[in-house]
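K.L.:
Here you go, this is work_36.cif (mmCIF, C-alpha atoms).
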```cif
data_work
loop_
_atom_site.group_PDB
_atom_site.id
_atom_site.type_symbol
_atom_site.label_atom_id
_atom_site.label_comp_id
_atom_site.auth_asym_id
_atom_site.auth_seq_id
_atom_site.Cartn_x
_atom_site.Cartn_y
_atom_site.Cartn_z
ATOM 1 C CA ASP C 733 -12.704 17.617 -34.469
ATOM 2 C CA ILE C 734 -11.144 14.438 -35.824
ATOM 3 C CA ILE C 735 -12.829 14.729 -39.217
ATOM 4 C CA THR C 736 -10.992 16.941 -41.702
ATOM 5 C CA GLN C 737 -13.110 18.758 -44.254
ATOM 6 C CA GLN C 738 -11.947 20.643 -47.319
ATOM 7 C CA THR C 739 -14.194 22.807 -49.481
ATOM 8 C CA SER C 740 -13.758 22.674 -53.246
ATOM 9 C CA PRO C 741 -14.612 25.592 -55.555
ATOM 10 C CA MET C 742 -17.887 23.856 -56.523
ATOM 11 C CA GLY C 743 -19.073 23.946 -52.914
ATOM 12 C CA TYR C 744 -18.720 20.186 -52.497
ATOM 13 C CA THR C 745 -17.414 19.276 -49.052
ATOM 14 C CA PRO C 746 -15.813 15.823 -48.942
ATOM 15 C CA GLN C 747 -15.768 14.171 -45.548
ATOM 16 C CA THR C 748 -12.899 11.988 -44.490
ATOM 17 C CA THR C 749 -13.345 9.534 -41.677
ATOM 18 C CA HIS C 750 -10.877 7.086 -40.234
ATOM 19 C CA THR C 751 -11.788 3.884 -38.485
ATOM 20 C CA ILE C 752 -9.461 2.644 -35.780
ATOM 21 C CA VAL C 753 -9.859 -0.998 -34.838
ATOM 22 C CA ILE C 754 -8.902 -1.751 -31.254
ATOM 23 C CA PRO C 755 -8.698 -5.489 -30.678
ATOM 24 C CA PRO C 756 -9.865 -7.006 -27.414
ATOM 25 C CA SER C 757 -7.155 -7.342 -24.799
ATOM 26 C CA ALA C 758 -7.276 -11.116 -25.309
ATOM 27 C CA ALA C 759 -5.762 -10.507 -28.769
ATOM 28 C CA LEU C 760 -2.661 -8.941 -27.202
ATOM 29 C CA PRO C 761 0.180 -11.418 -27.735
ATOM 30 C CA THR C 762 1.916 -12.313 -24.498
ATOM 31 C CA PHE C 763 4.797 -14.571 -23.554
ATOM 32 C CA ASN C 764 5.178 -16.131 -20.114
ATOM 33 C CA GLY C 765 8.393 -18.067 -20.647
ATOM 34 C CA ASN C 766 6.758 -21.482 -20.160
ATOM 35 C CA LEU C 767 8.355 -24.499 -21.850
ATOM 36 C CA SER C 768 5.072 -25.163 -23.668
ATOM 37 C CA GLU C 769 5.245 -21.777 -25.445
ATOM 38 C CA ASN C 770 6.942 -21.257 -28.787
ATOM 39 C CA PRO C 771 9.101 -18.102 -28.632
ATOM 40 C CA ARG C 772 9.367 -17.848 -32.433
ATOM 41 C CA GLN C 773 5.580 -17.817 -32.797
ATOM 42 C CA PHE C 774 5.371 -15.176 -30.081
ATOM 43 C CA LEU C 775 7.939 -12.992 -31.857
ATOM 44 C CA ILE C 776 6.056 -13.254 -35.158
ATOM 45 C CA ARG C 777 2.724 -12.417 -33.500
ATOM 46 C CA VAL C 778 4.075 -9.536 -31.413
ATOM 47 C CA LYS C 779 5.854 -8.005 -34.427
ATOM 48 C CA GLU C 780 2.659 -8.197 -36.514
ATOM 49 C CA TYR C 781 0.631 -6.741 -33.645
ATOM 50 C CA ALA C 782 3.100 -3.898 -33.042
ATOM 51 C CA GLU C 783 3.257 -2.963 -36.724
ATOM 52 C CA THR C 784 -0.478 -3.265 -37.392
ATOM 53 C CA ILE C 785 -2.026 -1.846 -34.239
ATOM 54 C CA ASN C 786 0.644 0.508 -32.873
ATOM 55 C CA HIS C 787 2.512 1.282 -36.129
ATOM 56 C CA TRP C 788 5.788 0.619 -34.324
ATOM 57 C CA ASN C 789 9.085 0.114 -36.099
ATOM 58 C CA ASP C 790 11.613 -2.430 -34.806
ATOM 59 C CA GLN C 791 13.224 0.053 -32.400
ATOM 60 C CA ALA C 792 9.875 0.998 -30.859
ATOM 61 C CA LEU C 793 9.060 -2.700 -30.452
ATOM 62 C CA LEU C 794 12.356 -3.303 -28.662
ATOM 63 C CA ASN C 795 11.617 -0.376 -26.361
ATOM 64 C CA GLY C 796 8.097 -1.636 -25.584
ATOM 65 C CA ILE C 797 8.559 -5.417 -25.607
ATOM 66 C CA SER C 798 8.231 -5.696 -21.821
ATOM 67 C CA GLN C 799 4.497 -4.939 -21.978
ATOM 68 C CA PHE C 800 4.021 -8.257 -23.822
ATOM 69 C CA LEU C 801 6.004 -10.312 -21.299
ATOM 70 C CA ARG C 802 4.497 -11.993 -18.248
ATOM 71 C CA GLU C 803 5.649 -14.074 -15.269
ATOM 72 C CA THR C 804 9.032 -15.787 -15.792
ATOM 73 C CA ALA C 805 9.695 -14.012 -19.095
ATOM 74 C CA LEU C 806 9.165 -10.582 -17.516
ATOM 75 C CA GLU C 807 11.320 -11.493 -14.527
ATOM 76 C CA TRP C 808 14.098 -12.580 -16.911
ATOM 77 C CA TYR C 809 13.764 -9.362 -18.918
ATOM 78 C CA CYS C 810 13.994 -7.219 -15.784
ATOM 79 C CA GLN C 811 17.317 -8.904 -14.928
ATOM 80 C CA LEU C 812 18.966 -7.761 -18.185
#
```
Would you write the structure of this file as structure tokens?
P.N.:
Amino acid sequence: DIITQQTSPMGYTPQTTHTIVIPPSAALPTFNGNLSENPRQFLIRVKEYAETINHWNDQALLNGISQFLRETALEWYCQL
């Protein structure tokens, strides 16, 4: 059961619920490596997304950055 309940001496049982917001896949920041894309904006968006949605630190983001890359950018990354 995801909900944790604790009973106080008075018999009152507080209920704790947590809401997890999962954004639509369209909200996932991606970078294709096209000249029309701004890599700095992508890095800002992907860092915010990783921290807010996945609770990743910088090291986790570096380890998982490839899932945000597409097309030419992913091909470049795979050559590293």
K.L.:
Find the residues around Thr804 in chain C up to 9 Å (all atoms listed in the file counted), leave out those fewer than 6 positions away in its own chain, and share them as a list in words.
P.N.:
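The neighbour list is Phe763, Asn764, Gly765 and Asn766 of chain C.
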K.L.:
Taking the file as shown, what set of residues would the PyMOL selection byres ((chain C and resi 774) around 12) give back, as a list in words?
P.N.:
Leu760, Pro761, Thr762, Phe763, Asn764, Gly765, Asn766, Ser768, Glu769, Asn770, Pro771, Arg772, Gln773, Leu775, Ile776, Arg777, Val778, Lys779, Glu780, Tyr781, Ala782, Ile797, Phe800, Leu801 and Ala805 of chain C
K.L.:
Interatomic distance between CA of Thr748 in chain C and CA of Glu783 in chain C?
P.N.:
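Computed distance, CA of Thr748 in chain C to CA of Glu783 in chain C, equals 23.3 Å.
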K.L.:
Go through C:Leu767, C:Ala759, C:Gln811, C:Thr749 one by one, measure the shortest atom-to-atom distance of each to Ile785 in chain C using all atoms listed in the file, and give the residue with the smallest value.
P.N.:
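Of C:Leu767, C:Ala759, C:Gln811, C:Thr749, the one nearest Ile785 in chain C, counting all atoms listed in the file, is C:Ala759.
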K.L.:
Enter the distance from CA of Glu807 in chain C to CA of Asn786 in chain C, in Å, rounded to one decimal.
P.N.:
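These two atoms are separated by 24.4 Å.
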